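J.: First the structure, which I've put down as C-alpha cells, then a few questions once you've had a look.
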Amino acid sequence: LPKEAELIDPQQRVFLELAWQAIESAGYDAQRYGGAIGVFAGCFQNSYLLANLCSRPEFLQQLVDSIQTDALHVELGSEKDYLATQTAFRLGLRGPAMTVQTACSTSLVAAAAACQSLAAGECDMALAGGVTIVVPQKRGYVHKEGSILSADGYCRPFDAAASGTVFSNGGAVVLLKRLDDAI
C-alpha cells in the first residue's frame, strides 16, 4: 500500500529485504519450509519518522491524537520494538521473534540469541542481524578530544593511528542452522 510505504521506517523495509534475501540465498522458501524459522534483530531509532514525517505539523498532531488507537499501522511500521515481529509476520515465519537492543553490539547479541534458540530447539533456522539508517543521510559531526568519534573521519580498528569510530548506515542478516541440520 502506498500510504504504508510512506510511513514505514526505512530500517524495517531494508531489514525485511535482507531477511528475505538470506532465506532465498540459502535456497529455502519460507512459505513451504516445514520447520520453525526465528528472527533475532535490532535497529537504530527511527530518525526518518522524526526528520521527515513529524516535521509536518498536521501529521504530528494526528499521530499524537491517535496513539494506541487509530495509528497502530504507523506504530507497527515505525517503532523499533516491532522489527523482528514485523519481519516474522510479513515473511510468514513461525519461530520465535525477538527484537534486541544493545546499542553497538545489537547484531552480535542477536546472533548469540539466535544460536541459543537453535540450541534449545525453539527453532530449526534463525535469521539474525541488524540495520541502521540515519536520516538525513549526508551529515557530519564535530570531533571533541576524548570522545568516541574519530578525529579525522576514519575508523582504524587495532591500528596505532586510530582516533575513534565513524558511524555509518547499513545492515546485515545471516541465516543460521544447527550444524547437524546443515550437513
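Here's how to read the names in the C-alpha cells: chain A, B, ... by the order shown, residue numbers from 1 in each chain, ligand numbers from 1 in the order shown.
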For region 92-101 of chain A, work out the shell of residues within 7 Å, counting only C-alpha atoms and skipping chain neighbours fewer than 2 positions away, then give it as number ranges by chain.
T.: A: 30-31, 36-42, 81-85, 88-90, 103, 106, 110, 123
J.: List the spatial neighbours of Pro10 (chain A) as a ChimeraX atom specification - criterion: any atom at most 12 Å away, only C-alpha atoms, same-chain residues fewer than 5 positions off excluded.
T.: /A:4-5,15-17,43-49,52,77-80,83,131-137,169-171
J.: For the residues selected in the previous step, produce a file with N, CA, C and O atoms as an mmCIF file, in the first residue's frame.
T.:
data_model
loop_
_atom_site.group_PDB
_atom_site.id
_atom_site.type_symbol
_atom_site.label_atom_id
_atom_site.label_comp_id
_atom_site.auth_asym_id
_atom_site.auth_seq_id
_atom_site.Cartn_x
_atom_site.Cartn_y
_atom_site.Cartn_z
ATOM 1 N N GLU A 4 1.302 2.966 3.456
ATOM 2 C CA GLU A 4 2.171 2.180 4.332
ATOM 3 C C GLU A 4 3.639 2.358 3.935
ATOM 4 O O GLU A 4 4.507 2.494 4.787
ATOM 5 N N ALA A 5 3.905 2.379 2.632
ATOM 6 C CA ALA A 5 5.277 2.568 2.152
ATOM 7 C C ALA A 5 5.820 3.932 2.554
ATOM 8 O O ALA A 5 7.006 4.070 2.854
ATOM 9 N N PHE A 15 15.610 -4.188 6.431
ATOM 10 C CA PHE A 15 15.800 -5.439 7.158
ATOM 11 C C PHE A 15 14.925 -6.541 6.569
ATOM 12 O O PHE A 15 15.371 -7.683 6.416
ATOM 13 N N LEU A 16 13.697 -6.221 6.235
ATOM 14 C CA LEU A 16 12.790 -7.198 5.637
ATOM 15 C C LEU A 16 13.369 -7.716 4.312
ATOM 16 O O LEU A 16 13.351 -8.925 4.051
ATOM 17 N N GLU A 17 13.911 -6.829 3.500
ATOM 18 C CA GLU A 17 14.535 -7.243 2.235
ATOM 19 C C GLU A 17 15.743 -8.143 2.492
ATOM 20 O O GLU A 17 15.916 -9.164 1.813
ATOM 21 N N CYS A 43 17.615 -2.530 15.502
ATOM 22 C CA CYS A 43 17.881 -1.377 14.642
ATOM 23 C C CYS A 43 18.050 -0.124 15.495
ATOM 24 O O CYS A 43 17.820 -0.144 16.699
ATOM 25 N N PHE A 44 18.429 0.945 14.837
ATOM 26 C CA PHE A 44 18.618 2.237 15.481
ATOM 27 C C PHE A 44 17.265 2.933 15.623
ATOM 28 O O PHE A 44 16.256 2.471 15.089
ATOM 29 N N GLN A 45 17.222 4.039 16.327
ATOM 30 C CA GLN A 45 15.968 4.793 16.449
ATOM 31 C C GLN A 45 15.516 5.262 15.075
ATOM 32 O O GLN A 45 16.311 5.416 14.162
ATOM 33 N N ASN A 46 14.237 5.496 14.943
ATOM 34 C CA ASN A 46 13.646 5.864 13.663
ATOM 35 C C ASN A 46 13.826 7.364 13.406
ATOM 36 O O ASN A 46 12.949 8.164 13.715
ATOM 37 N N SER A 47 14.940 7.730 12.827
ATOM 38 C CA SER A 47 15.179 9.140 12.529
ATOM 39 C C SER A 47 14.368 9.597 11.324
ATOM 40 O O SER A 47 14.120 10.793 11.153
ATOM 41 N N TYR A 48 13.918 8.669 10.485
ATOM 42 C CA TYR A 48 13.058 9.011 9.346
ATOM 43 C C TYR A 48 11.738 9.605 9.846
ATOM 44 O O TYR A 48 11.259 10.605 9.323
ATOM 45 N N LEU A 49 11.165 8.990 10.859
ATOM 46 C CA LEU A 49 9.916 9.495 11.440
ATOM 47 C C LEU A 49 10.116 10.911 11.977
ATOM 48 O O LEU A 49 9.320 11.807 11.720
ATOM 49 N N ASN A 52 11.401 13.444 8.802
ATOM 50 C CA ASN A 52 10.509 13.643 7.654
ATOM 51 C C ASN A 52 9.040 13.758 8.033
ATOM 52 O O ASN A 52 8.388 14.721 7.675
ATOM 53 N N GLY A 77 4.950 0.073 11.906
ATOM 54 C CA GLY A 77 5.942 0.292 10.865
ATOM 55 C C GLY A 77 7.058 1.229 11.247
ATOM 56 O O GLY A 77 8.030 1.370 10.509
ATOM 57 N N SER A 78 6.929 1.887 12.394
ATOM 58 C CA SER A 78 7.932 2.892 12.732
ATOM 59 C C SER A 78 8.640 2.666 14.066
ATOM 60 O O SER A 78 9.704 3.218 14.293
ATOM 61 N N GLU A 79 8.100 1.858 14.923
ATOM 62 C CA GLU A 79 8.706 1.630 16.233
ATOM 63 C C GLU A 79 9.698 0.465 16.150
ATOM 64 O O GLU A 79 9.356 -0.612 15.672
ATOM 65 N N LYS A 80 10.916 0.687 16.636
ATOM 66 C CA LYS A 80 11.959 -0.337 16.517
ATOM 67 C C LYS A 80 11.630 -1.622 17.264
ATOM 68 O O LYS A 80 12.142 -2.686 16.909
ATOM 69 N N LEU A 83 10.547 -4.652 14.961
ATOM 70 C CA LEU A 83 11.371 -5.093 13.838
ATOM 71 C C LEU A 83 11.297 -6.604 13.615
ATOM 72 O O LEU A 83 11.008 -7.072 12.509
ATOM 73 N N VAL A 131 20.239 -3.408 11.494
ATOM 74 C CA VAL A 131 20.237 -2.376 10.464
ATOM 75 C C VAL A 131 20.265 -1.001 11.127
ATOM 76 O O VAL A 131 19.676 -0.808 12.188
ATOM 77 N N THR A 132 20.976 -0.084 10.500
ATOM 78 C CA THR A 132 20.976 1.316 10.923
ATOM 79 C C THR A 132 20.924 2.187 9.680
ATOM 80 O O THR A 132 21.769 2.049 8.799
ATOM 81 N N ILE A 133 19.917 3.022 9.610
ATOM 82 C CA ILE A 133 19.815 4.022 8.556
ATOM 83 C C ILE A 133 19.414 5.323 9.231
ATOM 84 O O ILE A 133 18.337 5.411 9.817
ATOM 85 N N VAL A 134 20.294 6.303 9.170
ATOM 86 C CA VAL A 134 20.054 7.580 9.820
ATOM 87 C C VAL A 134 19.688 8.628 8.769
ATOM 88 O O VAL A 134 20.347 8.727 7.737
ATOM 89 N N VAL A 135 18.643 9.364 9.036
ATOM 90 C CA VAL A 135 18.186 10.443 8.160
ATOM 91 C C VAL A 135 18.420 11.752 8.891
ATOM 92 O O VAL A 135 18.092 11.852 10.071
ATOM 93 N N PRO A 136 18.991 12.758 8.246
ATOM 94 C CA PRO A 136 19.405 12.806 6.848
ATOM 95 C C PRO A 136 20.686 12.010 6.618
ATOM 96 O O PRO A 136 21.496 11.830 7.523
ATOM 97 N N GLN A 137 20.849 11.539 5.380
ATOM 98 C CA GLN A 137 21.986 10.700 5.027
ATOM 99 C C GLN A 137 23.306 11.458 5.069
ATOM 100 O O GLN A 137 24.298 10.938 5.546
ATOM 101 N N ASN A 169 25.738 3.873 7.874
ATOM 102 C CA ASN A 169 24.462 3.239 7.593
ATOM 103 C C ASN A 169 24.695 1.876 6.954
ATOM 104 O O ASN A 169 25.644 1.696 6.195
ATOM 105 N N GLY A 170 23.818 0.929 7.240
ATOM 106 C CA GLY A 170 23.910 -0.383 6.618
ATOM 107 C C GLY A 170 23.154 -1.424 7.414
ATOM 108 O O GLY A 170 22.541 -1.126 8.440
ATOM 109 N N GLY A 171 23.198 -2.627 6.912
ATOM 110 C CA GLY A 171 22.511 -3.718 7.583
ATOM 111 C C GLY A 171 23.034 -5.051 7.099
ATOM 112 O O GLY A 171 23.658 -5.141 6.041
#
J.: CA of Leu149 (chain A) to CA of Ile8 (chain A): how many Å, to one decimal?
T.: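 These two atoms are separated by 29.6 Å.
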J.: So the first atom is CA of Glu24 (chain A) and the second is CA of Gly129 (chain A); what is the distance between them in Å, to one decimal place?
T.: 15.9 Å
J.: Got a sec to tell me which of region 2-169 of chain A DSSP assigns to strand (DSSP E), as an NGL selection string?
T.: :A and (37-43 or 97-99 or 125-132)
J.: Taking only C-alpha atoms into account, which of A:Ala22, A:Gly164, A:Thr102, A:Leu176 comes nearest Gln116 (chain A)?
T.: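 Selected residue with least distance to Gln116 (chain A): A:Leu176.
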J.: Can you list, as a list of chain:residue names, every protein, DNA or RNA residue that comes within 7 Å of Leu175 (chain A) when you count only C-alpha atoms, leaving out same-chain residues fewer than 6 positions away?
T.: A:Ala22, A:Ile23, A:Met125, A:Ala126, A:Leu127, A:Ala128
J.: Produce a file of the selected residues containing N, CA, C and O atoms, as a PDB file, in the first residue's frame.
T.:
ATOM      1  N   ALA A  22      18.318 -13.473   2.603  1.00  0.00           N
ATOM      2  CA  ALA A  22      19.060 -14.514   3.323  1.00  0.00           C
ATOM      3  C   ALA A  22      18.386 -15.869   3.154  1.00  0.00           C
ATOM      4  O   ALA A  22      19.052 -16.884   2.919  1.00  0.00           O
ATOM      5  N   ILE A  23      17.081 -15.899   3.271  1.00  0.00           N
ATOM      6  CA  ILE A  23      16.333 -17.155   3.108  1.00  0.00           C
ATOM      7  C   ILE A  23      16.447 -17.647   1.671  1.00  0.00           C
ATOM      8  O   ILE A  23      16.725 -18.819   1.416  1.00  0.00           O
ATOM      9  N   MET A 125      15.774 -22.962  12.078  1.00  0.00           N
ATOM     10  CA  MET A 125      16.664 -21.989  11.442  1.00  0.00           C
ATOM     11  C   MET A 125      16.387 -20.652  12.110  1.00  0.00           C
ATOM     12  O   MET A 125      15.311 -20.438  12.667  1.00  0.00           O
ATOM     13  N   ALA A 126      17.359 -19.755  12.027  1.00  0.00           N
ATOM     14  CA  ALA A 126      17.159 -18.438  12.643  1.00  0.00           C
ATOM     15  C   ALA A 126      17.824 -17.358  11.806  1.00  0.00           C
ATOM     16  O   ALA A 126      18.965 -17.519  11.358  1.00  0.00           O
ATOM     17  N   LEU A 127      17.100 -16.281  11.611  1.00  0.00           N
ATOM     18  CA  LEU A 127      17.651 -15.085  10.988  1.00  0.00           C
ATOM     19  C   LEU A 127      18.181 -14.200  12.107  1.00  0.00           C
ATOM     20  O   LEU A 127      17.501 -14.008  13.123  1.00  0.00           O
ATOM     21  N   ALA A 128      19.387 -13.657  11.925  1.00  0.00           N
ATOM     22  CA  ALA A 128      19.964 -12.774  12.936  1.00  0.00           C
ATOM     23  C   ALA A 128      20.656 -11.615  12.238  1.00  0.00           C
ATOM     24  O   ALA A 128      21.318 -11.805  11.215  1.00  0.00           O
TER      25      ALA A 128
END
J.: So the first atom is CA of Arg156 (chain A) and the second is CA of Ser168 (chain A); what is the distance between them in Å, to one decimal place?
T.: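 So the answer is 14.1 Å.
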